[in-house]
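A.B. asks: My structure is below; once you've seen it, I'll send some questions.
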Amino acid sequence: MEREAATRKRRIDPKLVAAGWTVTPYQPSSRPPLTAAVEEWPTEAGPADYALTDDGAIRAVVEAKKVTVGPQGVLTQAERYSRGVNDGPRFRGEFGVPFLYSTNGEQIHFHDVRREQNRSRLVSGFHTPTALAEMLSRDLDVELAALGRMPANQRLRPYQVEANQAIEQAIADGKRKMLVTMATGTGKTLTTVNEAYRLMKSGVARRVLFLVDRRALAAQTMREFTSFEAEPGLKFDKIYSVYSQAFRREDFDDDAPFDVNVMSNSLLTHPQLGDAFVYVTTIQRMSMNLFGGERALKIDGGDIDADVEQLDIPIHAFDLIIADECHRGYSARERAIWRDTLDHFDAIKIGLTATPAAHTMAYFENLVFRYEYERAVREGYLVDYDVVKVRSDIRINGVFLREGEQIDEIDPETGSRQLDLLEDERTFDASEVERKVTAPDSNRKILVELKRYAEAYEQEHGRFPKTLIFATNDLQHVSHADQLVRMAREIFDRGEEFVAKVTGRVDRPLQLIRKFRNRPKPGIVVTVDLLTTGVDIPDLEFLVFLRPVKSRILFEQMLGRGTRRGGDQAPDKDRFVVFDCFGGSLLAYFKGATGITAEPAESDNKSNAQVIEEIWQNKDRDYNVRRLVKRLQRIAKSMNGEAYQLFSAFIPDGDLGDWASKLPTLLRTSFMGTMGILRDPSFQNLLEHYPRGGRTFVVASSAVDDVSSEWLIRGATGREYRPDDYLTAFSDFVRSEADKVDALMVLFKRPQGWNPRALTELRDALSRAPEHFTEANLERAFRAEYGKALVDIISMVKRAVLDAAPLLTAQERVQAAVAHVTAGRELTGEQQQWIGYIEQHLIENLSIDREDFELIPILSSRGGWRRASRVFGHHLPDLINQLNEELVAA
């Protein structure tokens, strides 16, 4: 058992020295020494284990315990020693030393006692003398007061200001970790750029680290900072320095010149009190700076920068860290590195995400602000979506091949193709489609179905809907993405450039994304996961899921590609369409997911050798045995015959699967013999490098799919309705509210009261219903059910109650009303012209009143109410009333 004295010499002293303190025994003198960790410093409460002294004063006291004692609970002893120091000023009228530590050499707890709201916290190391001097020179209450006096940026949306206020309140309350969740497309980065400015301007933060997980996102973030007008006429980077890592040309999605201000290593290794800057970099690069290349965080198969050196970065290098897109479903090893990278710094930490994961919430602890997708839709900042449920028999039930059918077998490693005739039946379940087998007929029919919807949309809106298709994979030789691109080019027949693939395997993908965003071509893009996050394509209107997804986070990120309001190419976009090619099961699966769902990580943080050693050491033995059994059984499933031969040197017949199933019994009955096999270095090496079985991929050209689809309408609660069910719900709503909503009473009982205010009230009442009865939703339902397009809202409401009520378009209704009102009247040429102007206005608005003559250009530009009154001989009010009444009666 290690004694406290040994813990201090072996573990604590080296950490103090690494932070710049000289460990020295106490010597009575008139003045405390410079940058020293003085052992056994006397206080009125007894000797402190260490006093950290600098510039003639005691900066901190350290309470040391042996390694087996948890240090957090003994901070009270450090508090007692602080109260027992009477040689200088008192903090909060109580403490003679402002900074306290307790440690067992492995964990270090720190407490700044100058402010009552401050909580003790775990730190990765001791602060340097410079860090303590900097903290002592700052007064957070003064800085927070300055922050409170700063006006809100008027260019921010109200919810973005709310987010800033929530962050600042959390900091004032003493919180050091916090999570901000905002729906994709609502401006998380802009919100935090503004927050960084506010915290820097007030002095709450000076050195800011902004972490992302892809270089392209770092490049985007740099542009957000440099283009943000923090003060009138001044961009952010003209007030504070904004540094970044080095970029490559392909990290930018356009060819515009960009001046990169690369971060100097000295700013990382020697932070100074006067420094005030933002550093934008990837968490991968920062992890390499801290821990070296062996612990590099590699995400999504991305490249690792080769020019990164390991640096000695002190824990106070940054006082604010913003971690963007912190929802990632990392493996266990990646999560550990991600956490260790953030934990290295003693800083306020703000996590940003649209889709919080359980591990994200656990780390950041405090969810201080949340702006959900539903609220953003309700407030008009994002658009809602409809659903087309595509039912594919193959994607629901899999592929069944009969004896004698012809298939192609592809070697995924070489791409070689061999024709074969089946000598027996073969069955592939739905989860194996596009992984082990592809049925070209299924992909083709789904694309044909998509074309039908796209052409109908184009006919109605005058533009082809920008379409993003999520494929299952883009693997060499068996790429589902490539197959979809080839077929879509043929089926849509709009030229080679109209359909493009954007994955990590294409050249300069960011440039292709820019073309997709800014130009009519490509109109269709096929991807796998490159466009799941961090890509802004406002004009996207069709989102096609041909990729099975089990992660709520990934699904919501994919869905978020379509939620933004339209841009230049789709200015009237008010919703987008999701094609669920798994019969609606994909959307149904995620309806039951909570807002924060645990995402299982791949358990790769401990090697097989480590698990075996823990079994040997009897560390949680039962769990580790079960863990090892599962790993061995996974290996057994992918072994080839040669692997069986090699394993036969250790276990009977080399049958690893059978041996694994018996392992718990073998360990109970023959522990030493079984552990001898498991701990054999050759056996452990074979577990890592055993010969794998070859894979084949089947092209089932003869498999015929049955594909159908139906349009679903999404209500405000997220429920999806078939058109007939939606109209039934609509009819029930109108009948139940007919005597409660004044606009409905006007429609059915008082047509003389119809006017623009009644129409507005009607629209509001319908859209507020749980089923979200907007005109767009209702028009889609009526078109699907009755085969009539552009039915007007008056017809829809009347048909909900009266089965015989005609279904008219706005143009048909207005023409009938005008014809009825003007029948038998002799109109002058100018009166006929004005009737034409009024008719055009009514087709768009279905009602009219006096104010419209002054506000609507087609009427106001002709002289407005005064001129129209002269033309109609002061009978204009009666004419308007008759038209309004007849519109409802028609």
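Following the order of the structure tokens, chains are lettered A, B, ..., residues in each are numbered from 1, and ligands are numbered from 1.
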Please identify the strand (DSSP E or B) residues within stretch 529-763 of chain A (assignment by DSSP from backbone atoms) and present them as a ChimeraX atom specification.
C.D. replies: /A:540-545,564,575-580,597,639,692,697-699,707-714,720-721
A.B. asks: Here is a test: counting only C-alpha atoms, which residue of A:Val698, A:Leu468, A:Thr53, A:Ala5 is nearest to A:Thr24?
C.D. replies: A:Thr53
A.B. asks: If we count only C-alpha atoms and set the cut-off at 10 Å, which residues sit around A:Tyr243, ignoring sequence neighbours fewer than 4 positions away in its own chain? Please answer as a ChimeraX atom specification.
C.D. replies: /A:209,222,237,260-264,277-281
A.B. asks: Filtering to N, CA, C and O atoms, could you give me those residues as a PDB file, in the first residue's frame?
C.D. replies:
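What ended up in part.pdb:
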```pdb
ATOM      1  N   LEU A 209     -11.315  29.014 -27.696  1.00  0.00           N
ATOM      2  CA  LEU A 209     -11.053  27.881 -28.579  1.00  0.00           C
ATOM      3  C   LEU A 209     -12.378  27.403 -29.154  1.00  0.00           C
ATOM      4  O   LEU A 209     -13.300  27.055 -28.410  1.00  0.00           O
ATOM      5  N   MET A 222     -14.523  29.888 -39.651  1.00  0.00           N
ATOM      6  CA  MET A 222     -13.645  31.050 -39.825  1.00  0.00           C
ATOM      7  C   MET A 222     -14.368  32.149 -40.586  1.00  0.00           C
ATOM      8  O   MET A 222     -14.284  33.338 -40.240  1.00  0.00           O
ATOM      9  N   ASP A 237     -13.056  40.178 -36.811  1.00  0.00           N
ATOM     10  CA  ASP A 237     -11.595  40.049 -36.875  1.00  0.00           C
ATOM     11  C   ASP A 237     -10.882  41.382 -36.932  1.00  0.00           C
ATOM     12  O   ASP A 237      -9.640  41.414 -36.923  1.00  0.00           O
ATOM     13  N   VAL A 260      -5.871  33.227 -44.566  1.00  0.00           N
ATOM     14  CA  VAL A 260      -5.886  32.425 -43.343  1.00  0.00           C
ATOM     15  C   VAL A 260      -4.829  32.948 -42.378  1.00  0.00           C
ATOM     16  O   VAL A 260      -3.661  33.094 -42.733  1.00  0.00           O
ATOM     17  N   ASN A 261      -5.251  33.221 -41.153  1.00  0.00           N
ATOM     18  CA  ASN A 261      -4.351  33.691 -40.104  1.00  0.00           C
ATOM     19  C   ASN A 261      -4.012  32.486 -39.225  1.00  0.00           C
ATOM     20  O   ASN A 261      -4.755  32.141 -38.305  1.00  0.00           O
ATOM     21  N   VAL A 262      -2.891  31.817 -39.534  1.00  0.00           N
ATOM     22  CA  VAL A 262      -2.559  30.545 -38.888  1.00  0.00           C
ATOM     23  C   VAL A 262      -2.057  30.791 -37.464  1.00  0.00           C
ATOM     24  O   VAL A 262      -1.259  31.690 -37.206  1.00  0.00           O
ATOM     25  N   MET A 263      -2.535  29.956 -36.559  1.00  0.00           N
ATOM     26  CA  MET A 263      -2.208  30.067 -35.139  1.00  0.00           C
ATOM     27  C   MET A 263      -0.730  29.783 -34.883  1.00  0.00           C
ATOM     28  O   MET A 263      -0.159  28.819 -35.400  1.00  0.00           O
ATOM     29  N   SER A 264      -0.121  30.613 -34.078  1.00  0.00           N
ATOM     30  CA  SER A 264       1.266  30.402 -33.666  1.00  0.00           C
ATOM     31  C   SER A 264       1.305  29.463 -32.464  1.00  0.00           C
ATOM     32  O   SER A 264       0.506  29.590 -31.536  1.00  0.00           O
ATOM     33  N   PHE A 277      -8.024  36.444 -28.289  1.00  0.00           N
ATOM     34  CA  PHE A 277      -8.141  35.908 -29.642  1.00  0.00           C
ATOM     35  C   PHE A 277      -9.108  34.737 -29.657  1.00  0.00           C
ATOM     36  O   PHE A 277      -9.489  34.186 -28.617  1.00  0.00           O
ATOM     37  N   VAL A 278      -9.472  34.353 -30.874  1.00  0.00           N
ATOM     38  CA  VAL A 278     -10.245  33.138 -31.112  1.00  0.00           C
ATOM     39  C   VAL A 278      -9.393  32.211 -31.961  1.00  0.00           C
ATOM     40  O   VAL A 278      -8.762  32.647 -32.932  1.00  0.00           O
ATOM     41  N   TYR A 279      -9.370  30.938 -31.603  1.00  0.00           N
ATOM     42  CA  TYR A 279      -8.647  29.933 -32.383  1.00  0.00           C
ATOM     43  C   TYR A 279      -9.642  28.882 -32.837  1.00  0.00           C
ATOM     44  O   TYR A 279     -10.265  28.202 -32.016  1.00  0.00           O
ATOM     45  N   VAL A 280      -9.800  28.742 -34.155  1.00  0.00           N
ATOM     46  CA  VAL A 280     -10.714  27.765 -34.741  1.00  0.00           C
ATOM     47  C   VAL A 280      -9.897  26.595 -35.269  1.00  0.00           C
ATOM     48  O   VAL A 280      -9.010  26.781 -36.114  1.00  0.00           O
ATOM     49  N   THR A 281     -10.200  25.396 -34.789  1.00  0.00           N
ATOM     50  CA  THR A 281      -9.443  24.227 -35.237  1.00  0.00           C
ATOM     51  C   THR A 281     -10.307  22.976 -35.061  1.00  0.00           C
ATOM     52  O   THR A 281     -11.376  23.023 -34.454  1.00  0.00           O
TER      53      THR A 281
END
```
A.B. asks: Excluding A:Thr35 and residues on its chain fewer than 3 positions from it, collect all residues at most 9 Å away from it, counting only C-alpha atoms, and give them as a PyMOL selection string.
C.D. replies: chain A and resi 20-22+52-55+128-129
A.B. asks: Using N, CA and C atoms, can you write the selected residues to a file as a PDB file, in the first residue's frame?
C.D. replies:
```
ATOM      1  N   GLY A  20       5.536  24.398 -13.280  1.00  0.00           N
ATOM      2  CA  GLY A  20       6.429  25.548 -13.073  1.00  0.00           C
ATOM      3  C   GLY A  20       6.694  25.917 -11.630  1.00  0.00           C
ATOM      4  N   TRP A  21       6.315  25.035 -10.701  1.00  0.00           N
ATOM      5  CA  TRP A  21       6.566  25.308  -9.287  1.00  0.00           C
ATOM      6  C   TRP A  21       7.798  24.516  -8.820  1.00  0.00           C
ATOM      7  N   THR A  22       8.636  25.141  -8.046  1.00  0.00           N
ATOM      8  CA  THR A  22       9.807  24.480  -7.474  1.00  0.00           C
ATOM      9  C   THR A  22       9.444  23.932  -6.091  1.00  0.00           C
ATOM     10  N   LEU A  52       1.630  27.237  -2.414  1.00  0.00           N
ATOM     11  CA  LEU A  52       2.168  27.728  -3.681  1.00  0.00           C
ATOM     12  C   LEU A  52       2.375  29.231  -3.544  1.00  0.00           C
ATOM     13  N   THR A  53       3.637  29.639  -3.571  1.00  0.00           N
ATOM     14  CA  THR A  53       3.975  31.032  -3.279  1.00  0.00           C
ATOM     15  C   THR A  53       4.590  31.694  -4.504  1.00  0.00           C
ATOM     16  N   ASP A  54       4.288  32.989  -4.632  1.00  0.00           N
ATOM     17  CA  ASP A  54       4.831  33.772  -5.754  1.00  0.00           C
ATOM     18  C   ASP A  54       4.679  35.244  -5.425  1.00  0.00           C
ATOM     19  N   ASP A  55       5.644  36.021  -5.833  1.00  0.00           N
ATOM     20  CA  ASP A  55       5.594  37.482  -5.682  1.00  0.00           C
ATOM     21  C   ASP A  55       5.316  37.889  -4.242  1.00  0.00           C
ATOM     22  N   THR A 128      -0.220  27.073 -13.584  1.00  0.00           N
ATOM     23  CA  THR A 128       1.132  27.647 -13.527  1.00  0.00           C
ATOM     24  C   THR A 128       1.106  28.902 -12.662  1.00  0.00           C
ATOM     25  N   PRO A 129       2.263  29.386 -12.243  1.00  0.00           N
ATOM     26  CA  PRO A 129       2.293  30.667 -11.515  1.00  0.00           C
ATOM     27  C   PRO A 129       1.651  31.793 -12.311  1.00  0.00           C
TER      28      PRO A 129
END
```
A.B. asks: Write out as a count of residues only the residues lying within 7 Å of stretch 771-778 of chain A, counting only C-alpha atoms and excluding same-chain residues fewer than 4 positions away.
C.D. replies: 7
A.B. asks: Have a look at A:Phe364, A:Phe318, A:Tyr240, A:Phe650 and name the one nearest to A:Asp346; count only C-alpha atoms.
C.D. replies: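 Closest residue, counting only C-alpha atoms: A:Phe318.
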A.B. asks: Report as a PDB file with all heavy atoms, in the first residue's frame all protein, DNA and RNA residues lying within 12 Å of A:Ser860, evaluated on only C-alpha atoms, omitting residues in the same chain fewer than 3 positions from it.
C.D. replies:
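Final output, part15.pdb:
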```pdb
ATOM      1  N   TRP A 834     -61.744  48.252 -64.235  1.00  0.00           N
ATOM      2  CA  TRP A 834     -61.628  48.148 -62.785  1.00  0.00           C
ATOM      3  C   TRP A 834     -62.160  46.812 -62.276  1.00  0.00           C
ATOM      4  O   TRP A 834     -61.601  46.222 -61.346  1.00  0.00           O
ATOM      5  CB  TRP A 834     -62.370  49.308 -62.111  1.00  0.00           C
ATOM      6  CG  TRP A 834     -61.463  50.491 -61.919  1.00  0.00           C
ATOM      7  CD1 TRP A 834     -61.331  51.573 -62.736  1.00  0.00           C
ATOM      8  CD2 TRP A 834     -60.552  50.686 -60.835  1.00  0.00           C
ATOM      9  NE1 TRP A 834     -60.386  52.455 -62.248  1.00  0.00           N
ATOM     10  CE2 TRP A 834     -59.896  51.925 -61.067  1.00  0.00           C
ATOM     11  CE3 TRP A 834     -60.222  49.962 -59.703  1.00  0.00           C
ATOM     12  CZ2 TRP A 834     -58.931  52.432 -60.203  1.00  0.00           C
ATOM     13  CZ3 TRP A 834     -59.264  50.465 -58.828  1.00  0.00           C
ATOM     14  CH2 TRP A 834     -58.622  51.679 -59.090  1.00  0.00           C
ATOM     15  N   TYR A 837     -59.348  44.502 -62.639  1.00  0.00           N
ATOM     16  CA  TYR A 837     -58.332  44.641 -61.588  1.00  0.00           C
ATOM     17  C   TYR A 837     -58.808  43.984 -60.284  1.00  0.00           C
ATOM     18  O   TYR A 837     -58.046  43.284 -59.597  1.00  0.00           O
ATOM     19  CB  TYR A 837     -58.029  46.124 -61.322  1.00  0.00           C
ATOM     20  CG  TYR A 837     -57.591  46.897 -62.536  1.00  0.00           C
ATOM     21  CD1 TYR A 837     -57.936  48.255 -62.684  1.00  0.00           C
ATOM     22  CD2 TYR A 837     -56.835  46.307 -63.553  1.00  0.00           C
ATOM     23  CE1 TYR A 837     -57.534  48.984 -63.778  1.00  0.00           C
ATOM     24  CE2 TYR A 837     -56.434  47.042 -64.667  1.00  0.00           C
ATOM     25  CZ  TYR A 837     -56.789  48.383 -64.785  1.00  0.00           C
ATOM     26  OH  TYR A 837     -56.403  49.117 -65.871  1.00  0.00           O
ATOM     27  N   ILE A 838     -60.070  44.256 -59.942  1.00  0.00           N
ATOM     28  CA  ILE A 838     -60.633  43.685 -58.705  1.00  0.00           C
ATOM     29  C   ILE A 838     -60.652  42.165 -58.798  1.00  0.00           C
ATOM     30  O   ILE A 838     -60.346  41.457 -57.827  1.00  0.00           O
ATOM     31  CB  ILE A 838     -62.042  44.254 -58.463  1.00  0.00           C
ATOM     32  CG1 ILE A 838     -61.946  45.758 -58.120  1.00  0.00           C
ATOM     33  CG2 ILE A 838     -62.750  43.489 -57.352  1.00  0.00           C
ATOM     34  CD1 ILE A 838     -63.291  46.467 -58.086  1.00  0.00           C
ATOM     35  N   HIS A 841     -57.267  40.715 -58.095  1.00  0.00           N
ATOM     36  CA  HIS A 841     -56.976  40.760 -56.656  1.00  0.00           C
ATOM     37  C   HIS A 841     -57.732  39.655 -55.913  1.00  0.00           C
ATOM     38  O   HIS A 841     -57.174  38.989 -55.035  1.00  0.00           O
ATOM     39  CB  HIS A 841     -57.359  42.125 -56.094  1.00  0.00           C
ATOM     40  CG  HIS A 841     -57.374  42.175 -54.599  1.00  0.00           C
ATOM     41  ND1 HIS A 841     -56.222  42.147 -53.846  1.00  0.00           N
ATOM     42  CD2 HIS A 841     -58.409  42.226 -53.707  1.00  0.00           C
ATOM     43  CE1 HIS A 841     -56.531  42.185 -52.556  1.00  0.00           C
ATOM     44  NE2 HIS A 841     -57.861  42.236 -52.449  1.00  0.00           N
ATOM     45  N   ARG A 850     -61.956  48.197 -48.336  1.00  0.00           N
ATOM     46  CA  ARG A 850     -61.502  49.528 -48.770  1.00  0.00           C
ATOM     47  C   ARG A 850     -59.992  49.680 -48.653  1.00  0.00           C
ATOM     48  O   ARG A 850     -59.343  50.283 -49.512  1.00  0.00           O
ATOM     49  CB  ARG A 850     -62.230  50.592 -47.942  1.00  0.00           C
ATOM     50  CG  ARG A 850     -61.814  52.011 -48.295  1.00  0.00           C
ATOM     51  CD  ARG A 850     -62.712  53.036 -47.632  1.00  0.00           C
ATOM     52  NE  ARG A 850     -62.260  54.389 -47.948  1.00  0.00           N
ATOM     53  CZ  ARG A 850     -63.008  55.476 -47.801  1.00  0.00           C
ATOM     54  NH1 ARG A 850     -64.264  55.350 -47.337  1.00  0.00           N
ATOM     55  NH2 ARG A 850     -62.536  56.671 -48.091  1.00  0.00           N
ATOM     56  N   GLU A 851     -59.391  49.148 -47.594  1.00  0.00           N
ATOM     57  CA  GLU A 851     -57.945  49.304 -47.384  1.00  0.00           C
ATOM     58  C   GLU A 851     -57.135  48.716 -48.530  1.00  0.00           C
ATOM     59  O   GLU A 851     -56.043  49.192 -48.839  1.00  0.00           O
ATOM     60  CB  GLU A 851     -57.536  48.648 -46.059  1.00  0.00           C
ATOM     61  CG  GLU A 851     -58.061  49.366 -44.823  1.00  0.00           C
ATOM     62  CD  GLU A 851     -57.618  48.678 -43.552  1.00  0.00           C
ATOM     63  OE1 GLU A 851     -56.922  47.634 -43.647  1.00  0.00           O
ATOM     64  OE2 GLU A 851     -57.970  49.155 -42.466  1.00  0.00           O
ATOM     65  N   ASP A 852     -57.636  47.665 -49.143  1.00  0.00           N
ATOM     66  CA  ASP A 852     -56.895  47.025 -50.237  1.00  0.00           C
ATOM     67  C   ASP A 852     -56.638  47.979 -51.389  1.00  0.00           C
ATOM     68  O   ASP A 852     -55.635  47.864 -52.097  1.00  0.00           O
ATOM     69  CB  ASP A 852     -57.664  45.799 -50.744  1.00  0.00           C
ATOM     70  CG  ASP A 852     -57.726  44.683 -49.713  1.00  0.00           C
ATOM     71  OD1 ASP A 852     -56.857  44.658 -48.824  1.00  0.00           O
ATOM     72  OD2 ASP A 852     -58.651  43.845 -49.783  1.00  0.00           O
ATOM     73  N   PHE A 853     -57.539  48.934 -51.597  1.00  0.00           N
ATOM     74  CA  PHE A 853     -57.377  49.865 -52.710  1.00  0.00           C
ATOM     75  C   PHE A 853     -56.172  50.781 -52.521  1.00  0.00           C
ATOM     76  O   PHE A 853     -55.648  51.332 -53.487  1.00  0.00           O
ATOM     77  CB  PHE A 853     -58.653  50.700 -52.879  1.00  0.00           C
ATOM     78  CG  PHE A 853     -59.768  49.945 -53.540  1.00  0.00           C
ATOM     79  CD1 PHE A 853     -60.573  49.081 -52.817  1.00  0.00           C
ATOM     80  CD2 PHE A 853     -60.004  50.089 -54.904  1.00  0.00           C
ATOM     81  CE1 PHE A 853     -61.603  48.369 -53.420  1.00  0.00           C
ATOM     82  CE2 PHE A 853     -61.023  49.384 -55.524  1.00  0.00           C
ATOM     83  CZ  PHE A 853     -61.824  48.505 -54.783  1.00  0.00           C
ATOM     84  N   GLU A 854     -55.743  50.949 -51.263  1.00  0.00           N
ATOM     85  CA  GLU A 854     -54.575  51.786 -50.995  1.00  0.00           C
ATOM     86  C   GLU A 854     -53.306  50.972 -50.790  1.00  0.00           C
ATOM     87  O   GLU A 854     -52.201  51.505 -50.882  1.00  0.00           O
ATOM     88  CB  GLU A 854     -54.816  52.647 -49.742  1.00  0.00           C
ATOM     89  CG  GLU A 854     -56.137  53.408 -49.748  1.00  0.00           C
ATOM     90  CD  GLU A 854     -56.287  54.325 -50.962  1.00  0.00           C
ATOM     91  OE1 GLU A 854     -55.255  54.816 -51.472  1.00  0.00           O
ATOM     92  OE2 GLU A 854     -57.438  54.540 -51.396  1.00  0.00           O
ATOM     93  N   LEU A 855     -53.449  49.648 -50.522  1.00  0.00           N
ATOM     94  CA  LEU A 855     -52.285  48.817 -50.177  1.00  0.00           C
ATOM     95  C   LEU A 855     -51.855  47.881 -51.297  1.00  0.00           C
ATOM     96  O   LEU A 855     -50.663  47.574 -51.415  1.00  0.00           O
ATOM     97  CB  LEU A 855     -52.604  47.965 -48.926  1.00  0.00           C
ATOM     98  CG  LEU A 855     -52.906  48.743 -47.646  1.00  0.00           C
ATOM     99  CD1 LEU A 855     -53.333  47.777 -46.536  1.00  0.00           C
ATOM    100  CD2 LEU A 855     -51.691  49.550 -47.213  1.00  0.00           C
ATOM    101  N   ILE A 856     -52.793  47.438 -52.128  1.00  0.00           N
ATOM    102  CA  ILE A 856     -52.483  46.438 -53.145  1.00  0.00           C
ATOM    103  C   ILE A 856     -52.082  47.150 -54.434  1.00  0.00           C
ATOM    104  O   ILE A 856     -52.873  47.949 -54.972  1.00  0.00           O
ATOM    105  CB  ILE A 856     -53.684  45.501 -53.399  1.00  0.00           C
ATOM    106  CG1 ILE A 856     -54.150  44.867 -52.079  1.00  0.00           C
ATOM    107  CG2 ILE A 856     -53.312  44.421 -54.411  1.00  0.00           C
ATOM    108  CD1 ILE A 856     -53.088  44.065 -51.352  1.00  0.00           C
ATOM    109  N   PRO A 857     -50.879  46.883 -54.963  1.00  0.00           N
ATOM    110  CA  PRO A 857     -50.380  47.651 -56.120  1.00  0.00           C
ATOM    111  C   PRO A 857     -51.325  47.671 -57.316  1.00  0.00           C
ATOM    112  O   PRO A 857     -51.469  48.707 -57.969  1.00  0.00           O
ATOM    113  CB  PRO A 857     -49.056  46.951 -56.452  1.00  0.00           C
ATOM    114  CG  PRO A 857     -48.615  46.381 -55.148  1.00  0.00           C
ATOM    115  CD  PRO A 857     -49.859  45.967 -54.443  1.00  0.00           C
ATOM    116  N   GLY A 863     -54.939  54.618 -58.937  1.00  0.00           N
ATOM    117  CA  GLY A 863     -55.633  55.738 -58.305  1.00  0.00           C
ATOM    118  C   GLY A 863     -56.345  55.382 -57.034  1.00  0.00           C
ATOM    119  O   GLY A 863     -56.903  56.256 -56.351  1.00  0.00           O
ATOM    120  N   GLY A 864     -56.371  54.088 -56.684  1.00  0.00           N
ATOM    121  CA  GLY A 864     -56.898  53.659 -55.405  1.00  0.00           C
ATOM    122  C   GLY A 864     -58.379  53.917 -55.235  1.00  0.00           C
ATOM    123  O   GLY A 864     -59.156  53.980 -56.197  1.00  0.00           O
ATOM    124  N   TRP A 865     -58.784  54.020 -53.975  1.00  0.00           N
ATOM    125  CA  TRP A 865     -60.202  54.129 -53.628  1.00  0.00           C
ATOM    126  C   TRP A 865     -60.860  55.361 -54.257  1.00  0.00           C
ATOM    127  O   TRP A 865     -61.991  55.297 -54.760  1.00  0.00           O
ATOM    128  CB  TRP A 865     -60.335  54.178 -52.106  1.00  0.00           C
ATOM    129  CG  TRP A 865     -61.758  54.291 -51.642  1.00  0.00           C
ATOM    130  CD1 TRP A 865     -62.422  55.418 -51.276  1.00  0.00           C
ATOM    131  CD2 TRP A 865     -62.697  53.217 -51.520  1.00  0.00           C
ATOM    132  NE1 TRP A 865     -63.709  55.138 -50.917  1.00  0.00           N
ATOM    133  CE2 TRP A 865     -63.909  53.777 -51.060  1.00  0.00           C
ATOM    134  CE3 TRP A 865     -62.632  51.841 -51.746  1.00  0.00           C
ATOM    135  CZ2 TRP A 865     -65.049  53.026 -50.822  1.00  0.00           C
ATOM    136  CZ3 TRP A 865     -63.768  51.085 -51.511  1.00  0.00           C
ATOM    137  CH2 TRP A 865     -64.963  51.660 -51.064  1.00  0.00           C
ATOM    138  N   ARG A 866     -60.168  56.500 -54.239  1.00  0.00           N
ATOM    139  CA  ARG A 866     -60.767  57.733 -54.746  1.00  0.00           C
ATOM    140  C   ARG A 866     -61.125  57.610 -56.217  1.00  0.00           C
ATOM    141  O   ARG A 866     -62.239  57.952 -56.630  1.00  0.00           O
ATOM    142  CB  ARG A 866     -59.803  58.897 -54.515  1.00  0.00           C
ATOM    143  CG  ARG A 866     -60.350  60.244 -55.006  1.00  0.00           C
ATOM    144  CD  ARG A 866     -59.417  61.368 -54.663  1.00  0.00           C
ATOM    145  NE  ARG A 866     -59.263  61.500 -53.203  1.00  0.00           N
ATOM    146  CZ  ARG A 866     -58.480  62.411 -52.640  1.00  0.00           C
ATOM    147  NH1 ARG A 866     -57.742  63.224 -53.387  1.00  0.00           N
ATOM    148  NH2 ARG A 866     -58.385  62.479 -51.323  1.00  0.00           N
ATOM    149  N   ARG A 867     -60.175  57.089 -57.001  1.00  0.00           N
ATOM    150  CA  ARG A 867     -60.440  56.964 -58.433  1.00  0.00           C
ATOM    151  C   ARG A 867     -61.544  55.926 -58.699  1.00  0.00           C
ATOM    152  O   ARG A 867     -62.447  56.154 -59.513  1.00  0.00           O
ATOM    153  CB  ARG A 867     -59.152  56.549 -59.158  1.00  0.00           C
ATOM    154  CG  ARG A 867     -59.319  56.357 -60.658  1.00  0.00           C
ATOM    155  CD  ARG A 867     -59.740  57.644 -61.321  1.00  0.00           C
ATOM    156  NE  ARG A 867     -60.063  57.448 -62.723  1.00  0.00           N
ATOM    157  CZ  ARG A 867     -60.695  58.343 -63.475  1.00  0.00           C
ATOM    158  NH1 ARG A 867     -61.077  59.501 -62.940  1.00  0.00           N
ATOM    159  NH2 ARG A 867     -60.960  58.095 -64.744  1.00  0.00           N
ATOM    160  N   ALA A 868     -61.469  54.775 -58.003  1.00  0.00           N
ATOM    161  CA  ALA A 868     -62.479  53.738 -58.215  1.00  0.00           C
ATOM    162  C   ALA A 868     -63.875  54.236 -57.829  1.00  0.00           C
ATOM    163  O   ALA A 868     -64.871  53.908 -58.486  1.00  0.00           O
ATOM    164  CB  ALA A 868     -62.125  52.488 -57.416  1.00  0.00           C
TER     165      ALA A 868
END
```
A.B. asks: If we count only C-alpha atoms and set the cut-off at 12 Å, which residues sit around A:Asp622, ignoring sequence neighbours fewer than 4 positions away in its own chain? Please answer as a list in words.
C.D. replies: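 Listing them by chain and then by number gives Val611, Ile612, Glu614, Ile615, Trp616, Gln617, Asn618, Arg626, Arg627, Leu628, Val629, Leu663, Pro664, Thr665, Leu667 and Arg668 of chain A.
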A.B. asks: Grab the atom CA of A:Val499 to atom CA of A:Thr221 distance for me, in Å with one decimal place.
C.D. replies: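 Here the two named atoms are 29.1 Å from each other.
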A.B. asks: Pick out each residue of stretch 807-836 of chain A that DSSP on the backbone tags as helix (DSSP H, G or I); I need them as a ChimeraX atom specification.
C.D. replies: /A:810-822,829-836
